[in-house]
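File shown: data.tsv (TSV, C-alpha atoms).
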chain	number	residue	atom	x	y	z
A	1	MET	CA	-44.94	63.35	-74.24
A	2	ILE	CA	-41.83	62.20	-76.08
A	3	LYS	CA	-39.63	63.45	-73.24
A	4	GLN	CA	-41.71	61.49	-70.71
A	5	PHE	CA	-41.37	58.37	-72.84
A	6	VAL	CA	-37.59	58.78	-72.98
A	7	VAL	CA	-37.43	59.22	-69.21
A	8	ILE	CA	-39.46	56.04	-68.66
A	9	ILE	CA	-37.23	54.04	-71.01
A	10	SER	CA	-34.13	55.38	-69.24
A	11	LEU	CA	-35.47	54.37	-65.85
A	12	LEU	CA	-36.34	50.89	-67.08
A	13	THR	CA	-32.84	50.55	-68.51
A	14	ILE	CA	-31.27	51.58	-65.21
A	15	LEU	CA	-33.42	49.12	-63.28
A	16	SER	CA	-32.55	46.35	-65.71
A	17	CYS	CA	-28.83	47.08	-65.33
A	18	GLU	CA	-29.15	47.06	-61.55
A	19	LYS	CA	-30.80	43.65	-61.64
A	20	GLU	CA	-28.03	42.31	-63.87
A	21	LYS	CA	-25.54	43.27	-61.18
A	22	GLU	CA	-27.25	40.76	-58.86
A	23	SER	CA	-26.66	37.05	-59.13
A	24	ILE	CA	-29.35	35.15	-57.22
A	25	VAL	CA	-27.86	32.24	-55.29
A	26	PHE	CA	-31.09	31.25	-53.54
A	27	PHE	CA	-34.61	32.62	-53.37
A	28	GLU	CA	-37.44	31.16	-51.31
A	29	ASP	CA	-40.79	32.94	-51.29
A	30	PHE	CA	-42.69	30.07	-49.60
A	31	ASP	CA	-45.36	30.22	-52.28
A	32	GLN	CA	-46.06	26.49	-52.11
A	33	GLU	CA	-48.30	24.20	-50.11
A	34	GLN	CA	-45.47	22.52	-48.23
A	35	LEU	CA	-41.91	23.34	-47.24
A	36	ASN	CA	-39.43	22.53	-50.02
A	37	LEU	CA	-37.29	19.81	-48.47
A	38	SER	CA	-34.81	20.06	-51.33
A	39	ASN	CA	-33.70	23.31	-49.69
A	40	TRP	CA	-34.67	22.96	-46.03
A	41	ASN	CA	-34.21	20.55	-43.12
A	42	PHE	CA	-36.29	20.28	-39.98
A	43	GLU	CA	-34.33	20.13	-36.73
A	44	LEU	CA	-36.57	18.29	-34.28
A	45	GLY	CA	-36.80	17.58	-30.56
A	46	ASN	CA	-35.20	19.25	-27.56
A	47	GLY	CA	-31.58	18.94	-28.67
A	48	CYS	CA	-30.83	15.88	-26.52
A	49	PRO	CA	-28.64	13.96	-26.03
A	50	ASN	CA	-25.89	16.23	-27.37
A	51	LEU	CA	-27.33	19.70	-26.68
A	52	CYS	CA	-30.30	19.37	-24.36
A	53	GLY	CA	-32.17	22.65	-24.38
A	54	TRP	CA	-30.31	23.36	-27.65
A	55	GLY	CA	-27.28	24.46	-25.65
A	56	ASN	CA	-29.10	27.42	-24.11
A	57	ASN	CA	-31.52	25.85	-21.62
A	58	GLU	CA	-34.37	26.53	-24.02
A	59	ARG	CA	-37.76	25.05	-23.13
A	60	GLN	CA	-39.30	24.23	-26.50
A	61	VAL	CA	-39.51	20.96	-28.37
A	62	TYR	CA	-39.19	21.51	-32.12
A	63	THR	CA	-41.79	19.79	-34.30
A	64	LYS	CA	-42.85	19.77	-37.94
A	65	GLU	CA	-46.43	20.50	-36.91
A	66	ASN	CA	-45.56	23.98	-35.58
A	67	LEU	CA	-44.60	25.14	-39.07
A	68	LYS	CA	-46.88	25.85	-42.01
A	69	LEU	CA	-46.94	27.69	-45.34
A	70	GLN	CA	-49.88	30.01	-45.82
A	71	ASP	CA	-50.60	32.92	-48.18
A	72	GLY	CA	-47.01	32.97	-49.43
A	73	ASN	CA	-45.52	33.05	-45.94
A	74	LEU	CA	-43.64	30.63	-43.73
A	75	ILE	CA	-45.25	30.66	-40.29
A	76	ILE	CA	-43.56	29.23	-37.21
A	77	THR	CA	-46.03	29.05	-34.33
A	78	ALA	CA	-44.98	28.84	-30.69
A	79	THR	CA	-47.51	26.90	-28.62
A	80	LYS	CA	-47.98	25.51	-25.13
A	81	ASP	CA	-50.02	22.66	-23.73
A	82	SER	CA	-50.15	20.76	-20.45
A	83	THR	CA	-46.93	18.90	-21.27
A	84	GLY	CA	-44.67	21.68	-22.52
A	85	TYR	CA	-43.74	24.25	-25.17
A	86	TYR	CA	-43.50	23.64	-28.92
A	87	SER	CA	-42.11	25.46	-31.94
A	88	SER	CA	-40.11	24.84	-35.16
A	89	ARG	CA	-36.59	25.25	-36.49
A	90	ILE	CA	-35.38	24.79	-40.07
A	91	THR	CA	-31.97	25.04	-41.75
A	92	THR	CA	-30.41	24.87	-45.21
A	93	LYS	CA	-27.49	22.75	-43.97
A	94	ASN	CA	-25.94	20.52	-46.66
A	95	LYS	CA	-28.52	21.84	-49.16
A	96	VAL	CA	-28.01	25.58	-49.63
A	97	GLU	CA	-24.60	26.76	-48.46
A	98	PHE	CA	-22.59	29.70	-49.76
A	99	LYS	CA	-19.42	31.69	-49.18
A	100	TYR	CA	-19.88	35.50	-49.12
A	101	GLY	CA	-22.90	37.33	-50.49
A	102	THR	CA	-25.98	39.11	-49.20
A	103	VAL	CA	-28.75	37.44	-47.21
A	104	GLU	CA	-32.06	39.28	-47.04
A	105	VAL	CA	-35.09	38.13	-45.02
A	106	ARG	CA	-38.45	39.88	-44.69
A	107	ALA	CA	-40.18	38.90	-41.48
A	108	LYS	CA	-42.77	39.82	-38.88
A	109	LEU	CA	-41.94	39.24	-35.23
A	110	PRO	CA	-43.94	37.45	-32.55
A	111	GLN	CA	-44.42	39.22	-29.23
A	112	GLY	CA	-44.36	38.17	-25.60
A	113	HIS	CA	-42.07	37.60	-22.65
A	114	GLY	CA	-40.03	34.46	-23.20
A	115	LEU	CA	-40.01	34.39	-27.01
A	116	TRP	CA	-36.75	34.37	-28.95
A	117	PRO	CA	-37.08	34.38	-32.78
A	118	ALA	CA	-33.88	34.38	-34.80
A	119	ILE	CA	-32.48	34.57	-38.34
A	120	TRP	CA	-28.88	33.32	-38.30
A	121	MET	CA	-26.09	31.37	-39.98
A	122	LEU	CA	-23.50	28.75	-39.01
A	123	GLY	CA	-20.28	27.60	-40.69
A	124	ASN	CA	-20.78	24.34	-42.57
A	125	ASP	CA	-17.84	22.70	-40.79
A	126	ILE	CA	-19.57	22.78	-37.39
A	127	ASP	CA	-19.72	18.97	-37.20
A	128	LYS	CA	-15.94	18.78	-37.71
A	129	ILE	CA	-14.59	21.59	-35.56
A	130	GLY	CA	-17.54	22.46	-33.30
A	131	TRP	CA	-18.95	25.76	-32.10
A	132	PRO	CA	-17.84	28.56	-31.90
A	133	ALA	CA	-14.83	27.67	-34.07
A	134	CYS	CA	-17.19	27.23	-37.01
A	135	GLY	CA	-18.41	30.82	-36.66
A	136	GLU	CA	-21.91	32.19	-36.20
A	137	ILE	CA	-23.60	35.18	-37.86
A	138	ASP	CA	-26.75	36.36	-36.09
A	139	ILE	CA	-28.61	38.52	-38.61
A	140	MET	CA	-31.54	39.13	-36.28
A	141	GLU	CA	-32.40	38.10	-32.74
A	142	TYR	CA	-35.33	39.46	-30.78
A	143	VAL	CA	-36.24	38.71	-27.18
A	144	GLY	CA	-39.75	39.47	-26.04
A	145	LYS	CA	-38.66	40.48	-22.55
A	146	THR	CA	-36.95	43.58	-24.02
A	147	PRO	CA	-39.40	45.00	-26.58
A	148	HIS	CA	-38.27	47.17	-29.53
A	149	GLU	CA	-34.70	45.78	-29.52
A	150	ILE	CA	-32.99	43.90	-32.35
A	151	HIS	CA	-29.75	42.09	-31.51
A	152	ILE	CA	-26.99	41.50	-34.08
A	153	THR	CA	-24.05	39.32	-33.00
A	154	LEU	CA	-21.09	37.38	-34.34
A	155	HIS	CA	-19.59	34.44	-32.46
A	156	THR	CA	-15.98	33.34	-32.95
A	157	ASN	CA	-13.34	31.45	-30.98
A	158	GLU	CA	-12.06	34.76	-29.71
A	159	SER	CA	-15.41	35.85	-28.31
A	160	HIS	CA	-16.83	32.36	-27.66
A	161	GLY	CA	-20.32	32.50	-26.18
A	162	ASN	CA	-19.97	36.09	-25.03
A	163	SER	CA	-21.78	38.78	-27.00
A	164	LYS	CA	-18.59	40.73	-27.54
A	165	ASN	CA	-19.04	41.50	-31.23
A	166	THR	CA	-22.58	42.75	-31.01
A	167	ASN	CA	-24.94	45.62	-31.70
A	168	VAL	CA	-28.38	46.38	-30.29
A	169	GLN	CA	-30.80	48.56	-32.23
A	170	THR	CA	-33.83	50.09	-30.53
A	171	ILE	CA	-36.67	50.60	-33.01
A	172	LYS	CA	-40.01	51.53	-31.47
A	173	THR	CA	-42.03	50.21	-34.42
A	174	ILE	CA	-40.12	46.95	-34.97
A	175	GLU	CA	-43.07	44.85	-33.78
A	176	GLU	CA	-45.40	46.50	-36.30
A	177	GLY	CA	-45.74	44.62	-39.57
A	178	PHE	CA	-42.89	43.24	-41.69
A	179	HIS	CA	-39.29	44.44	-41.69
A	180	VAL	CA	-36.28	43.51	-43.80
A	181	TYR	CA	-33.18	42.11	-42.09
A	182	LYS	CA	-30.06	41.91	-44.24
A	183	VAL	CA	-26.38	41.04	-44.01
A	184	ASN	CA	-23.73	41.76	-46.65
A	185	TRP	CA	-20.76	39.46	-46.16
A	186	THR	CA	-17.44	39.84	-47.98
A	187	LYS	CA	-13.83	38.78	-47.40
A	188	ASP	CA	-13.22	42.19	-45.81
A	189	ASP	CA	-16.22	42.85	-43.56
A	190	ILE	CA	-19.75	41.89	-42.58
A	191	LYS	CA	-22.38	44.63	-42.70
A	192	PHE	CA	-25.84	44.44	-41.18
A	193	TYR	CA	-28.96	46.33	-42.24
A	194	ILE	CA	-32.50	46.80	-40.95
A	195	ASP	CA	-34.93	48.11	-43.57
A	196	ASN	CA	-31.90	48.96	-45.74
A	197	ASN	CA	-30.34	51.13	-43.02
A	198	LEU	CA	-26.76	50.16	-42.16
A	199	VAL	CA	-26.64	49.50	-38.42
A	200	TYR	CA	-23.42	47.57	-37.76
A	201	THR	CA	-20.13	46.66	-39.46
A	202	PHE	CA	-17.82	43.89	-38.26
A	203	SER	CA	-14.23	44.02	-39.53
A	204	PRO	CA	-11.55	43.02	-37.01
A	205	THR	CA	-8.07	44.41	-37.63
A	206	VAL	CA	-6.55	40.96	-37.27
A	207	LYS	CA	-8.33	38.28	-39.29
A	208	ASP	CA	-7.31	34.76	-38.26
A	209	LYS	CA	-9.10	31.53	-37.33
A	210	ASN	CA	-9.91	32.90	-33.88
A	211	THR	CA	-11.34	36.27	-34.94
A	212	TRP	CA	-12.56	35.63	-38.48
A	213	PRO	CA	-13.93	32.12	-39.23
A	214	PHE	CA	-15.91	33.55	-42.13
A	215	ASP	CA	-13.94	32.53	-45.24
A	216	LYS	CA	-15.97	29.37	-45.95
A	217	PRO	CA	-19.56	28.36	-46.74
A	218	PHE	CA	-22.34	29.00	-44.22
A	219	TYR	CA	-25.98	27.91	-44.07
A	220	VAL	CA	-29.18	29.65	-42.93
A	221	ILE	CA	-31.28	28.91	-39.83
A	222	LEU	CA	-34.79	30.16	-39.00
A	223	ASN	CA	-36.27	29.36	-35.60
A	224	LEU	CA	-38.45	30.53	-32.74
A	225	ALA	CA	-37.08	29.53	-29.34
A	226	ILE	CA	-38.88	29.78	-26.01
A	227	GLY	CA	-37.15	30.70	-22.76
A	228	GLY	CA	-33.47	29.89	-22.48
A	229	ASN	CA	-30.42	31.80	-21.31
A	230	PHE	CA	-31.16	34.70	-23.67
A	231	GLY	CA	-34.91	34.56	-24.22
A	232	GLY	CA	-35.92	33.73	-20.65
A	233	PRO	CA	-35.77	32.22	-18.20
A	234	GLU	CA	-39.31	33.38	-17.34
A	235	VAL	CA	-42.04	32.72	-19.91
A	236	ASP	CA	-45.45	34.39	-19.93
A	237	ASP	CA	-47.80	31.48	-20.54
A	238	SER	CA	-50.69	33.80	-21.40
A	239	ILE	CA	-49.15	34.85	-24.74
A	240	PHE	CA	-49.54	31.60	-26.66
A	241	PRO	CA	-49.92	30.95	-29.51
A	242	GLN	CA	-47.54	33.40	-31.19
A	243	GLU	CA	-46.38	33.46	-34.82
A	244	PHE	CA	-43.01	34.24	-36.40
A	245	VAL	CA	-43.86	35.02	-40.05
A	246	ILE	CA	-41.26	34.97	-42.82
A	247	ASP	CA	-42.20	36.37	-46.23
A	248	TYR	CA	-39.03	35.43	-48.12
A	249	VAL	CA	-35.37	34.47	-47.89
A	250	LYS	CA	-33.06	35.76	-50.60
A	251	VAL	CA	-29.34	35.15	-51.08
A	252	PHE	CA	-27.49	36.98	-53.82
A	253	LYS	CA	-24.06	38.12	-54.91
A	254	ASP	CA	-22.92	41.14	-56.88
A	255	ASN	CA	-21.67	40.24	-60.36

The structure in this file should be written as structure tokens.
Amino acid sequence: MIKQFVVIISLLTILSCEKEKESIVFFEDFDQEQLNLSNWNFELGNGCPNLCGWGNNERQVYTKENLKLQDGNLIITATKDSTGYYSSRITTKNKVEFKYGTVEVRAKLPQGHGLWPAIWMLGNDIDKIGWPACGEIDIMEYVGKTPHEIHITLHTNESHGNSKNTNVQTIKTIEEGFHVYKVNWTKDDIKFYIDNNLVYTFSPTVKDKNTWPFDKPFYVILNLAIGGNFGGPEVDDSIFPQEFVIDYVKVFKDN
């Protein structure tokens, strides 16, 4: 009995030490009645006049009404009516921005041809230098027209809009329940994980402004697009409504 007690104490000590190694930068569990606008922004409309179709010929109009908090989850619902398609997109721009660290998101995917949910990040200087010079880190993209596939991509000046620095993981059960999507970002490399399994590492030999625009703060984006250059162009109208469910967003650094 004494030995068992000692083992339990030792395990608790180890777990406590592990937690101390983590410094939480941001944690959102969506356990409120409404979205916390101290941390999040809504991006609304169809992207016009600057980026009609959000730069990708997407079909949806983003609204506040297509997002809700329920049972500790953030739920983005894609819908369709006689006038068009609707969804939601939120960001932490100018509110929660960070340089390096680990971003972890637990989410459940929607399903159907034409849907394009994403968890991604953009450099906070996008308004000054534009895209792709600002850099883009796509932690998770899923397109309903190719089931079971998770896309991980980085966009830079060197690759521009081409998916040059990319990885596609085929996971037969990815549509079943929640999964954890994670990126660990340092000055040396960017590593991507699905359910804590390392699936891709990005570390170019030459790191300059064209290949590595990742030495500055970034912000988080959560959205569910419909159609577009990547998600479409065809959309199965029989699938709606569909929900993209996010359990939590966590950003932390190692002490």

Could you state the separation of CA of Glu28 (chain A) and CA of Lys191 (chain A) in Å, given to one decimal place?
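Separation between CA of Glu28 (chain A) and CA of Lys191 (chain A): 22.0 Å.
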
For Tyr100 (chain A): contacts at 9 Å, all atoms listed in the file, fewer than 2 positions along chain excluded, given as number ranges by chain:
A: 98, 102, 184-187, 214-218, 253

Leu67 (chain A) environment, 7 Å, all atoms listed in the file, sequence neighbours closer than 6 positions dropped, as a PyMOL selection string
chain A and resi 75-77+88

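Among the candidates A:Thr91, A:Gln111, A:Asn210, A:Asn56, the residue lying nearest to Ile174 (chain A) is A:Gln111 (atoms considered: only C-alpha atoms).
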
Within-12 Å shell of (-8.4, 41.3, -37.2) in input frame, all atoms listed in the file, as a short mmCIF file (atom, residue, chain, number, x, y, z; two decimals) with C-alpha atoms, keeping the file's coordinate frame:
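Done, and the output landed in selection-v5.cif:
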data_model
loop_
_atom_site.label_atom_id
_atom_site.label_comp_id
_atom_site.auth_asym_id
_atom_site.auth_seq_id
_atom_site.Cartn_x
_atom_site.Cartn_y
_atom_site.Cartn_z
CA THR A 156 -15.98 33.34 -32.95
CA GLU A 158 -12.06 34.76 -29.71
CA LYS A 187 -13.83 38.78 -47.40
CA ASP A 188 -13.22 42.19 -45.81
CA ASP A 189 -16.22 42.85 -43.56
CA PHE A 202 -17.82 43.89 -38.26
CA SER A 203 -14.23 44.02 -39.53
CA PRO A 204 -11.55 43.02 -37.01
CA THR A 205 -8.07 44.41 -37.63
CA VAL A 206 -6.55 40.96 -37.27
CA LYS A 207 -8.33 38.28 -39.29
CA ASP A 208 -7.31 34.76 -38.26
CA LYS A 209 -9.10 31.53 -37.33
CA ASN A 210 -9.91 32.90 -33.88
CA THR A 211 -11.34 36.27 -34.94
CA TRP A 212 -12.56 35.63 -38.48
CA PRO A 213 -13.93 32.12 -39.23
CA PHE A 214 -15.91 33.55 -42.13
#

Go through region 105-125 of chain A and flag each residue having an atom no more than 7 Å from region 177-180 of chain A; for those, report the closest pair of atoms plus their distance in Å to one decimal, using only C-alpha atoms, ordered by chain and rising number, as CSV.
residue,atom,partner,partner_atom,distance
A:Val105,CA,A:Val180,CA,5.6
A:Arg106,CA,A:Val180,CA,4.3
A:Ala107,CA,A:Phe178,CA,5.1
A:Lys108,CA,A:Phe178,CA,4.4

d(CA of Val25 (chain A), CA of Glu104 (chain A)) in Å
11.6 Å

Using all atoms listed in the file, can you tell me which of A:Val220, A:Asn196, A:Ala225, A:Asp236 comes closest to Glu141 (chain A)?
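Selected residue with least distance to Glu141 (chain A): A:Ala225.
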
Residues within 10 Å of (-36.8, 17.7, -38.8), counting all atoms listed in the file, listed as a PDB file with C-alpha atoms, keeping the file's coordinate frame:
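Writing the result to point.pdb gives the following:
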ATOM      1  CA  LEU A  37     -37.290  19.810 -48.470  1.00  0.00           C
ATOM      2  CA  TRP A  40     -34.670  22.960 -46.030  1.00  0.00           C
ATOM      3  CA  ASN A  41     -34.210  20.550 -43.120  1.00  0.00           C
ATOM      4  CA  PHE A  42     -36.290  20.280 -39.980  1.00  0.00           C
ATOM      5  CA  GLU A  43     -34.330  20.130 -36.730  1.00  0.00           C
ATOM      6  CA  LEU A  44     -36.570  18.290 -34.280  1.00  0.00           C
ATOM      7  CA  GLY A  45     -36.800  17.580 -30.560  1.00  0.00           C
ATOM      8  CA  TYR A  62     -39.190  21.510 -32.120  1.00  0.00           C
ATOM      9  CA  THR A  63     -41.790  19.790 -34.300  1.00  0.00           C
ATOM     10  CA  LYS A  64     -42.850  19.770 -37.940  1.00  0.00           C
ATOM     11  CA  SER A  88     -40.110  24.840 -35.160  1.00  0.00           C
ATOM     12  CA  ARG A  89     -36.590  25.250 -36.490  1.00  0.00           C
ATOM     13  CA  ILE A  90     -35.380  24.790 -40.070  1.00  0.00           C
ATOM     14  CA  THR A  91     -31.970  25.040 -41.750  1.00  0.00           C
TER      15      THR A  91
END

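With distances restricted to only C-alpha atoms, A:Val96 is the closest residue to Asn124 (chain A) from A:Val96, A:Leu154, A:Ile139, A:Cys52.
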
Taking into account all atoms listed in the file, which residue in the set A:Gly227, A:Pro117, A:Gly112, A:Pro132 is nearest to Gln60 (chain A)?
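The shortest atom-to-atom distance to Gln60 (chain A) comes from A:Gly227.
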
Do you have the CA of Val245 (chain A)-CA of Pro110 (chain A) distance handy?
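Atom-to-atom, CA of Val245 (chain A) to CA of Pro110 (chain A), that is 7.9 Å.
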
Please determine, counting only C-alpha atoms, which residue among A:Tyr181, A:Tyr85, A:Phe230, A:Trp131 has the shortest atom-to-atom distance to Asn157 (chain A).
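Among the listed residues, the smallest separation from Asn157 (chain A) belongs to A:Trp131.
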
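When only C-alpha atoms are used to compute distances to Glu97 (chain A), the closest of the residues A:Val235, A:Ile221, A:Phe30, A:Ile171 turns out to be A:Ile221.
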